[in-house]
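Novice: Have a peek at target.txt (compact mmCIF, C-alpha atoms and all ligand atoms).
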```txt
# COMPACT_ATOMS: atom_id res chain seq x y z
CA MET A 20 -6.79 18.57 -22.81
CA LYS A 21 -5.16 21.80 -21.77
CA ILE A 22 -7.32 24.63 -20.45
CA ARG A 23 -7.38 27.60 -22.81
CA VAL A 24 -6.68 30.83 -20.97
CA GLY A 25 -6.24 34.50 -21.86
CA LEU A 26 -4.03 36.59 -19.57
CA ILE A 27 -4.69 40.32 -19.16
CA GLY A 28 -1.81 42.29 -17.63
CA PHE A 29 1.76 41.07 -18.16
CA GLY A 30 3.63 42.96 -15.43
CA ARG A 31 5.18 41.50 -12.31
CA MET A 32 2.24 39.26 -11.41
CA GLY A 33 1.17 38.42 -14.98
CA GLN A 34 4.65 37.11 -15.70
CA MET A 35 4.65 35.01 -12.53
CA TYR A 36 1.32 33.41 -13.48
CA TRP A 37 2.65 32.79 -16.99
CA GLU A 38 5.70 31.00 -15.54
CA GLU A 39 3.64 28.79 -13.23
CA MET A 40 1.03 27.97 -15.87
CA GLN A 41 3.77 27.06 -18.34
CA LYS A 42 5.50 24.84 -15.79
CA SER A 43 2.35 22.93 -14.83
CA GLY A 44 1.58 21.91 -18.43
CA ARG A 45 -2.17 22.17 -17.73
CA TRP A 46 -2.76 25.49 -19.44
CA ASP A 47 -2.79 26.62 -23.05
CA ILE A 48 -1.95 30.33 -22.78
CA ALA A 49 -3.70 31.37 -25.96
CA TYR A 50 -3.60 35.16 -25.43
CA ILE A 51 -1.54 37.68 -23.51
CA CYS A 52 -2.95 41.21 -23.44
CA ASP A 53 -1.15 44.29 -22.16
CA THR A 54 -1.70 47.95 -22.95
CA ASP A 55 2.03 48.65 -22.65
CA SER A 56 4.07 47.99 -25.79
CA VAL A 57 7.23 47.01 -23.87
CA SER A 58 5.31 44.36 -21.92
CA ARG A 59 3.90 43.07 -25.22
CA GLU A 60 7.38 42.83 -26.73
CA LEU A 61 8.52 40.86 -23.71
CA ALA A 62 5.46 38.57 -24.01
CA LYS A 63 6.26 37.92 -27.69
CA LYS A 64 9.76 36.82 -26.80
CA LEU A 65 8.77 34.68 -23.84
CA SER A 66 5.60 33.16 -25.22
CA PRO A 67 5.84 32.81 -29.02
CA SER A 68 2.86 30.43 -29.20
CA SER A 69 0.50 32.97 -27.55
CA ARG A 70 -1.35 35.67 -29.44
CA ILE A 71 -0.09 38.98 -28.04
CA ILE A 72 -2.67 41.77 -28.12
CA SER A 73 -3.49 45.21 -26.77
CA ASP A 74 -7.29 44.97 -27.00
CA GLU A 75 -8.72 42.69 -24.31
CA GLN A 76 -12.02 42.38 -26.19
CA GLU A 77 -10.48 39.74 -28.51
CA ILE A 78 -10.16 37.41 -25.51
CA PHE A 79 -13.76 37.89 -24.40
CA ASP A 80 -15.02 37.43 -27.98
CA ASP A 81 -13.16 34.14 -28.47
CA CYS A 82 -15.57 31.33 -27.52
CA SER A 83 -12.71 28.81 -27.28
CA ILE A 84 -11.25 30.66 -24.28
CA GLU A 85 -12.47 29.05 -21.06
CA VAL A 86 -10.68 31.20 -18.48
CA VAL A 87 -9.48 34.77 -18.14
CA GLY A 88 -6.59 35.70 -15.85
CA LEU A 89 -6.98 39.30 -14.65
CA PHE A 90 -3.55 40.57 -13.63
CA ALA A 91 -3.62 44.24 -14.66
CA LEU A 92 -4.38 46.93 -12.08
CA ALA A 93 -7.45 47.47 -9.89
CA ASP A 94 -8.92 50.26 -12.04
CA SER A 95 -9.69 47.90 -14.95
CA ARG A 96 -10.84 44.85 -12.98
CA ASN A 97 -14.53 45.64 -12.42
CA GLU A 98 -15.14 46.08 -16.14
CA GLN A 99 -13.09 42.99 -17.04
CA ILE A 100 -14.97 40.80 -14.55
CA LYS A 101 -18.30 42.01 -15.97
CA LYS A 102 -17.09 41.21 -19.50
CA ALA A 103 -15.95 37.75 -18.35
CA VAL A 104 -19.41 37.07 -16.92
CA ARG A 105 -21.10 38.28 -20.10
CA SER A 106 -18.90 35.96 -22.17
CA ASN A 107 -19.34 33.04 -19.76
CA LYS A 108 -15.72 32.49 -18.76
CA HIS A 109 -14.11 31.20 -15.58
CA ILE A 110 -12.25 33.96 -13.73
CA LEU A 111 -8.91 33.96 -11.92
CA THR A 112 -8.16 37.44 -10.66
CA GLU A 113 -5.68 39.41 -8.67
CA LYS A 114 -6.77 41.46 -5.70
CA PRO A 115 -8.30 43.93 -5.10
CA ILE A 116 -11.23 43.06 -7.36
CA ALA A 117 -11.93 46.75 -8.11
CA ASP A 118 -10.69 50.19 -7.14
CA THR A 119 -13.63 51.21 -4.93
CA ILE A 120 -15.62 49.37 -2.28
CA GLU A 121 -18.89 50.01 -4.17
CA LYS A 122 -17.54 48.38 -7.33
CA GLU A 123 -16.17 45.46 -5.33
CA TRP A 124 -19.58 44.70 -3.81
CA GLU A 125 -21.15 45.05 -7.26
CA ILE A 126 -18.81 42.24 -8.36
CA VAL A 127 -19.66 40.10 -5.32
CA ASP A 128 -23.39 40.39 -6.15
CA LEU A 129 -22.75 39.49 -9.76
CA ILE A 130 -20.45 36.54 -9.06
CA GLU A 131 -22.61 35.02 -6.35
CA LYS A 132 -25.28 34.47 -9.02
CA TYR A 133 -22.76 33.16 -11.55
CA ASN A 134 -22.16 29.45 -12.07
CA LYS A 135 -18.57 29.48 -13.36
CA VAL A 136 -15.44 29.21 -11.22
CA ALA A 137 -14.27 32.59 -9.91
CA ALA A 138 -11.30 32.93 -7.58
CA VAL A 139 -9.09 35.67 -6.15
CA ASN A 140 -5.43 35.39 -5.27
CA LEU A 141 -5.43 35.80 -1.49
CA TYR A 142 -2.21 33.86 -1.49
CA LEU A 143 -1.59 33.44 2.24
CA ARG A 144 -4.53 31.04 2.43
CA ASN A 145 -2.60 28.61 0.22
CA SER A 146 0.63 28.80 2.18
CA TRP A 147 1.88 25.66 3.97
CA TYR A 148 2.75 27.66 7.12
CA HIS A 149 -0.71 29.15 7.69
CA GLN A 150 -2.37 25.83 6.88
CA THR A 151 -0.08 24.02 9.35
CA MET A 152 -0.79 26.51 12.13
CA LYS A 153 -4.55 26.52 11.46
CA ARG A 154 -4.69 22.72 11.58
CA PHE A 155 -2.83 22.71 14.92
CA ILE A 156 -5.23 25.31 16.35
CA ASP A 157 -8.25 23.36 15.07
CA GLU A 158 -6.92 20.25 16.84
CA GLY A 159 -7.28 22.14 20.13
CA GLU A 160 -3.53 22.18 20.83
CA ILE A 161 -3.44 25.82 21.96
CA GLY A 162 -6.76 25.76 23.82
CA GLU A 163 -9.13 28.52 22.80
CA LEU A 164 -7.90 30.94 20.15
CA ALA A 165 -7.58 34.38 21.78
CA ILE A 166 -4.98 36.74 20.28
CA LEU A 167 -3.76 37.21 16.67
CA ARG A 168 -0.65 39.31 16.13
CA ILE A 169 0.49 39.77 12.54
CA CYS A 170 3.31 41.92 11.30
CA HIS A 171 4.76 42.50 7.84
CA MET A 172 7.32 45.25 7.45
CA THR A 173 9.74 45.39 4.51
CA PRO A 174 11.70 48.02 2.58
CA GLY A 175 9.23 47.33 -0.28
CA LEU A 176 7.09 49.29 -2.75
CA ALA A 177 7.61 53.00 -2.13
CA PRO A 178 4.86 55.59 -2.67
CA GLY A 179 4.64 56.66 -6.30
CA GLU A 180 6.30 53.56 -7.78
CA GLY A 181 3.13 51.96 -9.08
CA HIS A 182 -0.10 50.35 -7.84
CA GLU A 183 -1.70 53.75 -7.22
CA TYR A 184 -5.20 52.30 -7.76
CA GLU A 185 -4.50 49.68 -5.09
CA GLY A 186 -4.18 52.33 -2.38
CA PRO A 187 -1.47 52.89 0.24
CA ALA A 188 0.62 49.94 1.48
CA TYR A 189 -1.83 49.06 4.25
CA HIS A 190 -4.53 48.46 1.66
CA ASP A 191 -2.48 47.11 -1.25
CA CYS A 192 -0.43 44.61 0.78
CA GLY A 193 -2.14 44.84 4.17
CA MET A 194 -5.40 43.38 2.86
CA HIS A 195 -3.69 39.96 2.77
CA TYR A 196 -3.05 40.15 6.52
CA ILE A 197 -6.52 41.51 7.20
CA ASP A 198 -7.86 38.53 5.27
CA ILE A 199 -5.71 35.91 7.00
CA ALA A 200 -6.61 37.26 10.47
CA ARG A 201 -10.30 36.88 9.57
CA TRP A 202 -9.57 33.37 8.24
CA TYR A 203 -7.99 32.36 11.57
CA ALA A 204 -10.72 34.02 13.64
CA GLY A 205 -13.42 32.40 11.51
CA ASN A 206 -15.44 35.50 12.23
CA GLU A 207 -16.15 39.07 11.19
CA TYR A 208 -14.42 42.24 12.42
CA LYS A 209 -16.29 44.06 15.19
CA THR A 210 -14.22 46.96 16.64
CA TRP A 211 -10.92 48.64 15.71
CA HIS A 212 -8.50 51.48 16.27
CA ALA A 213 -5.68 52.30 13.88
CA GLN A 214 -2.51 54.34 14.17
CA GLY A 215 -0.52 55.44 11.14
CA MET A 216 2.70 57.22 10.31
CA ARG A 217 3.15 59.47 7.28
CA MET A 218 6.74 58.38 6.80
CA TRP A 219 8.92 60.85 4.90
CA ASN A 220 6.07 63.36 5.23
CA TYR A 221 4.30 61.61 2.32
CA LYS A 222 0.58 62.45 2.11
CA ASP A 223 -0.58 58.91 2.99
CA PRO A 224 0.50 56.71 5.88
CA TRP A 225 2.94 54.06 4.62
CA TRP A 226 2.94 52.28 8.01
CA VAL A 227 -0.23 51.43 9.91
CA GLN A 228 -1.06 49.33 12.90
CA SER A 229 -4.65 48.45 13.67
CA HIS A 230 -5.98 46.51 16.58
CA GLY A 231 -9.42 45.47 17.70
CA THR A 232 -11.82 42.61 18.10
CA PHE A 233 -13.76 40.06 16.11
CA GLN A 234 -17.39 39.32 16.92
CA ASN A 235 -16.36 36.13 18.75
CA GLY A 236 -14.04 38.07 21.09
CA VAL A 237 -10.76 37.11 19.43
CA VAL A 238 -8.49 40.18 19.39
CA PHE A 239 -6.06 41.18 16.66
CA ASP A 240 -3.22 43.51 15.96
CA ILE A 241 -2.06 43.88 12.38
CA THR A 242 1.00 45.93 11.50
CA GLN A 243 2.05 46.57 7.91
CA GLY A 244 4.52 49.03 6.47
CA PHE A 245 6.86 49.34 3.51
CA VAL A 246 9.02 51.68 5.57
CA TYR A 247 11.56 49.27 6.98
CA GLY A 248 15.02 50.69 6.36
CA GLN A 249 14.89 51.46 2.62
CA LEU A 250 18.21 53.29 2.79
CA SER A 251 20.01 50.90 5.10
CA ARG A 252 23.15 49.55 3.53
CA ASN A 253 22.04 45.94 3.93
CA GLN A 254 18.28 45.72 3.89
CA THR A 255 16.22 43.38 6.02
CA HIS A 256 12.58 42.88 6.96
CA ASN A 257 10.44 41.70 9.84
CA SER A 258 7.52 39.44 9.11
CA TYR A 259 5.74 37.20 11.60
CA THR A 260 2.49 35.72 12.76
CA ASP A 261 2.14 35.12 16.48
CA ILE A 262 -1.01 33.40 17.70
CA ILE A 263 -1.88 32.95 21.35
CA GLY A 264 -4.45 30.57 22.75
CA THR A 265 -5.60 29.98 26.30
CA LYS A 266 -3.14 27.09 26.64
CA GLY A 267 -0.49 27.25 23.94
CA ILE A 268 0.92 29.31 21.09
CA VAL A 269 1.86 28.97 17.44
CA ARG A 270 4.05 31.35 15.51
CA MET A 271 5.92 31.69 12.25
CA THR A 272 8.47 33.88 10.61
CA HIS A 273 10.22 33.85 7.24
CA ASP A 274 13.05 35.37 5.28
CA PHE A 275 11.25 35.00 1.89
CA ARG A 276 13.31 31.86 1.23
CA THR A 277 12.57 29.71 4.26
CA ALA A 278 9.63 29.82 6.62
CA VAL A 279 9.86 28.54 10.18
CA VAL A 280 6.77 27.45 12.08
CA GLU A 281 6.91 26.81 15.82
CA LEU A 282 4.04 24.99 17.43
CA HIS A 283 3.81 24.88 21.22
CA GLY A 284 0.72 22.86 22.00
CA VAL A 285 -0.44 21.03 25.10
CA ASN A 286 0.62 17.67 23.64
CA ARG A 287 3.13 18.47 20.93
CA THR A 288 6.04 20.83 20.41
CA LEU A 289 7.22 21.11 16.84
CA ARG A 290 9.57 23.26 14.82
CA ILE A 291 9.09 23.00 11.06
CA GLU A 292 11.38 24.67 8.57
CA LYS A 293 10.52 24.50 4.85
CA PRO A 294 10.91 26.59 1.70
CA PHE A 295 8.80 29.75 1.92
CA GLY A 296 6.85 29.05 -1.28
CA GLY A 297 6.52 32.64 -2.55
CA LYS A 298 3.06 33.58 -3.78
CA ASN A 299 1.93 29.94 -4.02
CA LEU A 300 0.64 30.54 -7.54
CA ASP A 301 1.34 26.91 -8.44
CA LYS A 302 -1.18 25.81 -5.81
CA LEU A 303 -3.76 28.43 -6.77
CA CYS A 304 -3.52 27.58 -10.49
CA ASN A 305 -3.74 23.85 -9.79
CA ILE A 306 -6.80 24.16 -7.54
CA MET A 307 -8.36 26.39 -10.20
CA ALA A 308 -7.58 23.85 -12.95
CA ASP A 309 -9.00 20.98 -10.82
CA SER A 310 -12.18 22.97 -10.18
CA ILE A 311 -12.66 23.67 -13.89
CA GLU A 312 -11.98 20.08 -14.91
CA ASN A 313 -14.21 18.57 -12.19
CA GLY A 314 -16.94 21.16 -12.70
CA LYS A 315 -16.87 21.72 -8.93
CA HIS A 316 -15.75 24.92 -7.21
CA ASP A 317 -13.07 23.94 -4.64
CA PRO A 318 -13.89 25.71 -1.34
CA ARG A 319 -10.17 26.44 -0.84
CA LEU A 320 -10.37 28.99 -3.65
CA PRO A 321 -10.65 32.45 -2.05
CA SER A 322 -13.91 34.09 -3.10
CA MET A 323 -14.81 37.53 -4.36
CA ARG A 324 -16.60 38.08 -1.03
CA ASP A 325 -13.42 37.26 0.94
CA ALA A 326 -11.52 39.76 -1.22
CA ALA A 327 -14.18 42.47 -0.90
CA ILE A 328 -14.28 42.13 2.90
CA ALA A 329 -10.47 42.25 3.22
CA SER A 330 -10.32 45.26 0.92
CA GLN A 331 -13.17 47.03 2.69
CA TYR A 332 -11.47 46.68 6.10
CA GLY A 333 -8.18 47.76 4.54
CA TRP A 334 -9.85 51.05 3.57
CA ILE A 335 -11.74 51.32 6.88
CA PHE A 336 -8.57 50.87 8.98
CA LEU A 337 -6.71 53.36 6.81
CA GLU A 338 -9.50 55.90 7.23
CA ASP A 339 -9.41 55.31 10.97
CA ALA A 340 -5.64 55.91 11.00
CA CYS A 341 -6.24 59.19 9.13
CA ARG A 342 -8.87 60.26 11.67
CA ASN A 343 -6.54 59.60 14.59
CA GLU A 344 -3.39 61.59 15.20
CA LEU A 345 -1.39 61.04 11.98
CA PRO A 346 2.10 62.41 12.35
CA GLY A 347 4.48 62.95 9.45
CA ILE A 348 8.16 62.36 10.09
CA GLY A 349 11.05 62.86 7.67
CA ASN A 350 10.94 64.63 4.34
CA LEU A 351 10.18 64.02 0.69
CA GLN A 352 13.86 64.33 -0.19
CA THR A 353 14.48 61.01 1.61
CA LEU A 354 11.60 59.46 -0.30
CA GLU A 355 13.17 60.67 -3.56
CA GLU A 356 16.48 59.05 -2.53
CA ILE A 357 14.61 55.81 -1.84
CA ARG A 358 12.91 55.87 -5.24
CA GLU A 359 16.20 56.60 -6.93
CA ARG A 360 17.91 53.71 -5.15
CA ARG A 361 15.07 51.34 -6.00
CA ARG A 362 15.11 52.40 -9.65
CA HIS A 363 18.64 50.99 -9.89
CA MET A 364 18.27 47.91 -7.71
CA LYS A 365 18.39 44.54 -9.45
CA GLU A 366 17.39 42.56 -6.37
CA GLY A 367 15.11 44.12 -3.82
CA TYR A 368 11.86 43.94 -1.96
CA GLY A 369 8.71 44.21 -4.12
CA LEU A 370 10.41 45.70 -7.15
CA LEU A 371 7.95 45.95 -10.01
CA ARG A 372 9.29 44.07 -13.01
CA PRO A 373 11.29 46.64 -14.99
CA LYS A 374 9.35 47.46 -18.14
CA LYS A 375 12.40 48.43 -20.15
CA THR A 376 14.43 45.26 -19.60
CA MET A 377 14.21 42.45 -22.09
CA VAL A 378 15.22 38.90 -21.30
N1 LIG B 1 -1.80 38.70 -4.53
C1 LIG B 1 -0.60 39.22 -4.35
O1 LIG B 1 0.17 38.80 -3.51
C2 LIG B 1 -0.17 40.38 -5.19
C3 LIG B 1 1.14 40.81 -5.19
C4 LIG B 1 1.50 41.87 -6.03
C5 LIG B 1 0.53 42.47 -6.81
N2 LIG B 1 -0.75 42.03 -6.76
C6 LIG B 1 -1.80 42.63 -7.59
O2 LIG B 1 -1.58 42.27 -8.95
C7 LIG B 1 -1.91 43.36 -9.80
C8 LIG B 1 -0.76 43.60 -10.76
O3 LIG B 1 0.36 43.99 -10.01
P1 LIG B 1 1.83 43.98 -10.63
O4 LIG B 1 2.73 44.07 -9.47
O5 LIG B 1 1.94 42.89 -11.60
O6 LIG B 1 1.81 45.41 -11.39
P2 LIG B 1 2.64 45.81 -12.70
O7 LIG B 1 2.51 47.29 -12.79
O8 LIG B 1 3.99 45.16 -12.68
O9 LIG B 1 1.82 45.12 -13.89
C9 LIG B 1 0.56 45.54 -14.35
C10 LIG B 1 0.54 45.31 -15.87
O10 LIG B 1 -0.79 45.52 -16.34
C11 LIG B 1 -0.74 46.30 -17.53
N3 LIG B 1 -2.04 46.98 -17.66
C12 LIG B 1 -2.51 48.03 -16.96
N4 LIG B 1 -3.79 48.28 -17.32
C13 LIG B 1 -4.11 47.37 -18.27
C14 LIG B 1 -5.30 47.10 -19.00
N5 LIG B 1 -6.40 47.83 -18.85
N6 LIG B 1 -5.27 46.08 -19.88
C15 LIG B 1 -4.17 45.32 -20.07
N7 LIG B 1 -3.02 45.52 -19.39
C16 LIG B 1 -3.00 46.54 -18.49
C17 LIG B 1 0.43 47.23 -17.34
O11 LIG B 1 0.92 47.73 -18.58
C18 LIG B 1 1.44 46.30 -16.64
O12 LIG B 1 2.23 45.59 -17.58
C19 LIG B 1 -2.23 44.55 -8.89
O13 LIG B 1 -3.61 44.77 -8.89
C20 LIG B 1 -1.76 44.14 -7.52
O14 LIG B 1 -2.63 44.58 -6.50
C21 LIG B 1 -1.11 41.02 -5.98
```
Using structure tokens, write down the structure from this file.

Specialist:
Amino acid sequence: MKIRVGLIGFGRMGQMYWEEMQKSGRWDIAYICDTDSVSRELAKKLSPSSRIISDEQEIFDDCSIEVVGLFALADSRNEQIKKAVRSNKHILTEKPIADTIEKEWEIVDLIEKYNKVAAVNLYLRNSWYHQTMKRFIDEGEIGELAILRICHMTPGLAPGEGHEYEGPAYHDCGMHYIDIARWYAGNEYKTWHAQGMRMWNYKDPWWVQSHGTFQNGVVFDITQGFVYGQLSRNQTHNSYTDIIGTKGIVRMTHDFRTAVVELHGVNRTLRIEKPFGGKNLDKLCNIMADSIENGKHDPRLPSMRDAAIASQYGWIFLEDACRNELPGIGNLQTLEEIRERRRHMKEGYGLLRPKKTMV
């Protein structure tokens, strides 16, 4: 029996979930809801067997719907999660789980007393490269874990293009890296200092580096910025994880197609190169489906608490960057040129799915 699901939000992420759920054959996508008429038109074309709606309430009122997929923006999530709980549905949601820290913790309190499956897409946790490195570390190959260095810089989502409720880049995207550092450390953040740059003189920093400690003494530095050569003729990016133990190291990098993991342990030296795997939505949806079918919440599913903590530290580090010297370099004219270039790009980093294009 397929699992009956209603999807809310049919933008870039909603469409990716739709594709993966279709491919797996485990889901009956009964509803697609979007407040934007162009997204609904696209949904009608792509998914003729789904009911395409603009009022999410229909999904919550339909008792045959077991799961809701929440893929709209952060401002609507708190209310949608509360409605899902009231109507007794399993929940698969995008991050962040709300648009303020207070509302996120409200959701954590609610969900921790709820007996249905509820999971958040913190996609790095499902990636083969982080799982491979974590396993190697857990085997003792690098000695004691000491230093986590994570960097993700691309010519991606520019200020003003969308995702305003998700906050500046360091919160919107950076919360994934804040989460994965905490996952490796197996511990909570203790101290920090953040430095930001208001690139193009934009009001918010679009590049931030924070560093500090976890309670167990592991130190971190996390750099994230969508400021990496937006107007360069041929764009590139720089994304890596570099983990140092008392005896060995592990590291990875990727070009969004292939990821390369290098493991330098006391016994083994390995270089593994495999397809990057994108957002790993196939894995997330499958673990979710297994959990629903077995009636048992798989611990690999990232929790609302994990998402709230990552989001909270995303905001805290950003605030710290704003308190410290926060220079602005460049001008808004350059930012306008970037937006204009991205509006016309067909292939590019983090382009939101164009609303006006039909397939
Ligand atoms: N986990 C990840 O790696 C990852 C990556 C990208 C985006 N995201 C998250 O996914 C979410 C969606 O991002 P996106 O890139 O798809 O954005 P998007 O702007 O492409 O899509 C959002 C869609 O939701 C619709 N929408 C907005 N409010 C709605 C509402 N109340 N009810 C129904 N539909 C509504 C919009 O019309 C739009 O079609 C964001 O919250 C973002 O933070 C997560």

Novice: Kindly provide the residues of chain A that approach ligand LIG 1 (chain B) to within 8 Å, each paired with its closest atom pair and their distance in Å to one decimal, based on all atoms listed in the file, listed by chain and increasing number, as a Markdown table.

Specialist:
```
| residue | atom | partner | partner_atom | distance |
| --- | --- | --- | --- | --- |
| A:Ile27 | CA | B:LIG1 | C15 | 5.1 |
| A:Gly28 | CA | B:LIG1 | O10 | 3.6 |
| A:Phe29 | CA | B:LIG1 | O12 | 4.6 |
| A:Gly30 | CA | B:LIG1 | O9 | 3.2 |
| A:Arg31 | CA | B:LIG1 | O5 | 3.6 |
| A:Met32 | CA | B:LIG1 | O5 | 3.6 |
| A:Gly33 | CA | B:LIG1 | O5 | 5.7 |
| A:Gln34 | CA | B:LIG1 | O5 | 7.6 |
| A:Cys52 | CA | B:LIG1 | C15 | 5.5 |
| A:Asp53 | CA | B:LIG1 | N7 | 3.6 |
| A:Thr54 | CA | B:LIG1 | N7 | 4.5 |
| A:Asp55 | CA | B:LIG1 | O11 | 4.3 |
| A:Ser56 | CA | B:LIG1 | O11 | 7.9 |
| A:Ser58 | CA | B:LIG1 | O12 | 5.5 |
| A:Ser73 | CA | B:LIG1 | C15 | 6.7 |
| A:Asp74 | CA | B:LIG1 | N6 | 7.5 |
| A:Glu75 | CA | B:LIG1 | N6 | 6.6 |
| A:Phe90 | CA | B:LIG1 | C7 | 5.0 |
| A:Ala91 | CA | B:LIG1 | O10 | 3.5 |
| A:Leu92 | CA | B:LIG1 | O13 | 3.9 |
| A:Ala93 | CA | B:LIG1 | O13 | 4.8 |
| A:Asp94 | CA | B:LIG1 | N4 | 7.6 |
| A:Ser95 | CA | B:LIG1 | N5 | 5.1 |
| A:Arg96 | CA | B:LIG1 | N5 | 7.9 |
| A:Glu113 | CA | B:LIG1 | O2 | 5.0 |
| A:Lys114 | CA | B:LIG1 | O14 | 5.2 |
| A:Pro115 | CA | B:LIG1 | O14 | 5.9 |
| A:Ile116 | CA | B:LIG1 | O13 | 8.0 |
| A:Asn140 | CA | B:LIG1 | N1 | 5.0 |
| A:Leu141 | CA | B:LIG1 | N1 | 5.6 |
| A:Tyr142 | CA | B:LIG1 | N1 | 5.7 |
| A:Gly181 | CA | B:LIG1 | O7 | 6.0 |
| A:His182 | CA | B:LIG1 | C19 | 6.3 |
| A:Tyr184 | CA | B:LIG1 | O13 | 7.8 |
| A:Glu185 | CA | B:LIG1 | O14 | 5.6 |
| A:Asp191 | CA | B:LIG1 | O14 | 5.8 |
| A:Cys192 | CA | B:LIG1 | O1 | 7.2 |
| A:His195 | CA | B:LIG1 | O1 | 7.5 |
| A:Lys298 | CA | B:LIG1 | O1 | 6.0 |
| A:Gly369 | CA | B:LIG1 | C4 | 7.8 |
| A:Leu371 | CA | B:LIG1 | O8 | 4.8 |
| A:Arg372 | CA | B:LIG1 | O8 | 5.4 |
| A:Pro373 | CA | B:LIG1 | O8 | 7.8 |
| A:Lys374 | CA | B:LIG1 | O12 | 7.4 |
```

Novice: One decimal, Å: what's the distance from atom CA of A:Gly162 over to atom CA of A:Gln228, could you say?

Specialist: 26.6 Å

Novice: Which of these residues is nearest to A:Leu303, using only C-alpha atoms: A:Lys21, A:Arg144, A:Arg70, A:Lys102?

Specialist: A:Arg144

Novice: Please provide the set of residues having any atom within 12 Å of A:Pro321, restricted to all atoms listed in the file, with same-chain residues fewer than 4 positions apart removed, written as a PyMOL selection string.

Specialist: chain A and resi 110-114+116+136-145+195+198-199+202+303+306-307+316-317+325-329

Novice: Between A:Arg217, A:Arg154, A:Lys101, A:Arg23, which is the closest to A:Pro346 once you count all atoms listed in the file?

Specialist: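 Distance minimum relative to A:Pro346 lands on A:Arg217.
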
Novice: Report the distance between atom CA of A:Leu167 and atom CA of A:Gly264 in Å, rounded to one decimal place.

Specialist: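 Taking atom CA of A:Leu167 and atom CA of A:Gly264, their separation equals 9.0 Å.
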
Novice: Using only C-alpha atoms, find the one residue out of A:Ser68, A:Ser146, A:Thr151, A:Gln249 that sits nearest to A:Leu282.

Specialist: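 Once distances to A:Leu282 are computed over only C-alpha atoms, the minimum belongs to A:Thr151.
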
Novice: For atom CA of A:Ser229 and atom CA of A:Thr255, quote the distance in Å rounded to one decimal.

Specialist: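 A separation of 22.8 Å between them.
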
Novice: Show me a table, sorted first by chain and then by increasing residue number, of the residues of stretch 226-339 of chain A having an atom at most 12 Å from stretch 357-368 of chain A, each with its shortest atom pair and the distance in Å to one decimal, counting all atoms listed in the file and written as JSON lines.

Specialist:
```
{"residue": "A:Phe245", "atom": "CA", "partner": "A:Tyr368", "partner_atom": "CA", "distance": 9.2}
{"residue": "A:Val246", "atom": "CA", "partner": "A:Ile357", "partner_atom": "CA", "distance": 10.2}
{"residue": "A:Tyr247", "atom": "CA", "partner": "A:Tyr368", "partner_atom": "CA", "distance": 10.4}
{"residue": "A:Gly248", "atom": "CA", "partner": "A:Ile357", "partner_atom": "CA", "distance": 9.7}
{"residue": "A:Gln249", "atom": "CA", "partner": "A:Ile357", "partner_atom": "CA", "distance": 6.2}
{"residue": "A:Leu250", "atom": "CA", "partner": "A:Ile357", "partner_atom": "CA", "distance": 6.4}
{"residue": "A:Ser251", "atom": "CA", "partner": "A:Ile357", "partner_atom": "CA", "distance": 10.1}
{"residue": "A:Arg252", "atom": "CA", "partner": "A:Arg360", "partner_atom": "CA", "distance": 11.0}
{"residue": "A:Asn253", "atom": "CA", "partner": "A:Gly367", "partner_atom": "CA", "distance": 10.6}
{"residue": "A:Gln254", "atom": "CA", "partner": "A:Gly367", "partner_atom": "CA", "distance": 8.5}
{"residue": "A:Thr255", "atom": "CA", "partner": "A:Tyr368", "partner_atom": "CA", "distance": 9.1}
{"residue": "A:His256", "atom": "CA", "partner": "A:Tyr368", "partner_atom": "CA", "distance": 9.0}
{"residue": "A:Asp274", "atom": "CA", "partner": "A:Tyr368", "partner_atom": "CA", "distance": 11.3}
{"residue": "A:Phe275", "atom": "CA", "partner": "A:Tyr368", "partner_atom": "CA", "distance": 9.8}
```

Novice: Show me, as an NGL selection string, the residues that have an atom within 10 Å of A:Gly186 when counting all atoms listed in the file, minus same-chain residues fewer than 6 positions from it.

Specialist: :A and (93 or 115 or 118-119 or 178 or 192 or 223 or 330 or 333-334 or 337)

Novice: Keeping C-alpha atoms, export the residues of the selection given above as a compact mmCIF listing (two decimals), in the frame of the given file.

Specialist:
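After the write, out-v4.txt holds the following:
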```
# COMPACT_ATOMS: atom_id res chain seq x y z
CA ALA A 93 -7.45 47.47 -9.89
CA PRO A 115 -8.30 43.93 -5.10
CA ASP A 118 -10.69 50.19 -7.14
CA THR A 119 -13.63 51.21 -4.93
CA PRO A 178 4.86 55.59 -2.67
CA CYS A 192 -0.43 44.61 0.78
CA ASP A 223 -0.58 58.91 2.99
CA SER A 330 -10.32 45.26 0.92
CA GLY A 333 -8.18 47.76 4.54
CA TRP A 334 -9.85 51.05 3.57
CA LEU A 337 -6.71 53.36 6.81
```

Novice: Between A:Ala308, A:Ile268, A:Val104, A:Met216, which is the closest to A:Leu289 once you count all atoms listed in the file?

Specialist: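 Using all atoms listed in the file, the shortest distance to A:Leu289 belongs to A:Ile268.
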
Novice: For A:Asp240, which residue among A:Asp261, A:Asp128, A:Glu85, A:Glu180 is the nearest when counting all atoms listed in the file?

Specialist: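 Checking each of A:Asp261, A:Asp128, A:Glu85, A:Glu180 against A:Asp240, counting all atoms listed in the file, the winner is A:Asp261.
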
Novice: Using only C-alpha atoms, determine which residues lie at most 8 Å from stretch 354-356 of chain A, disregarding the query and same-chain residues fewer than 4 positions distant; provide the list as a PyMOL selection string.

Specialist: chain A and resi 177+219+350+360
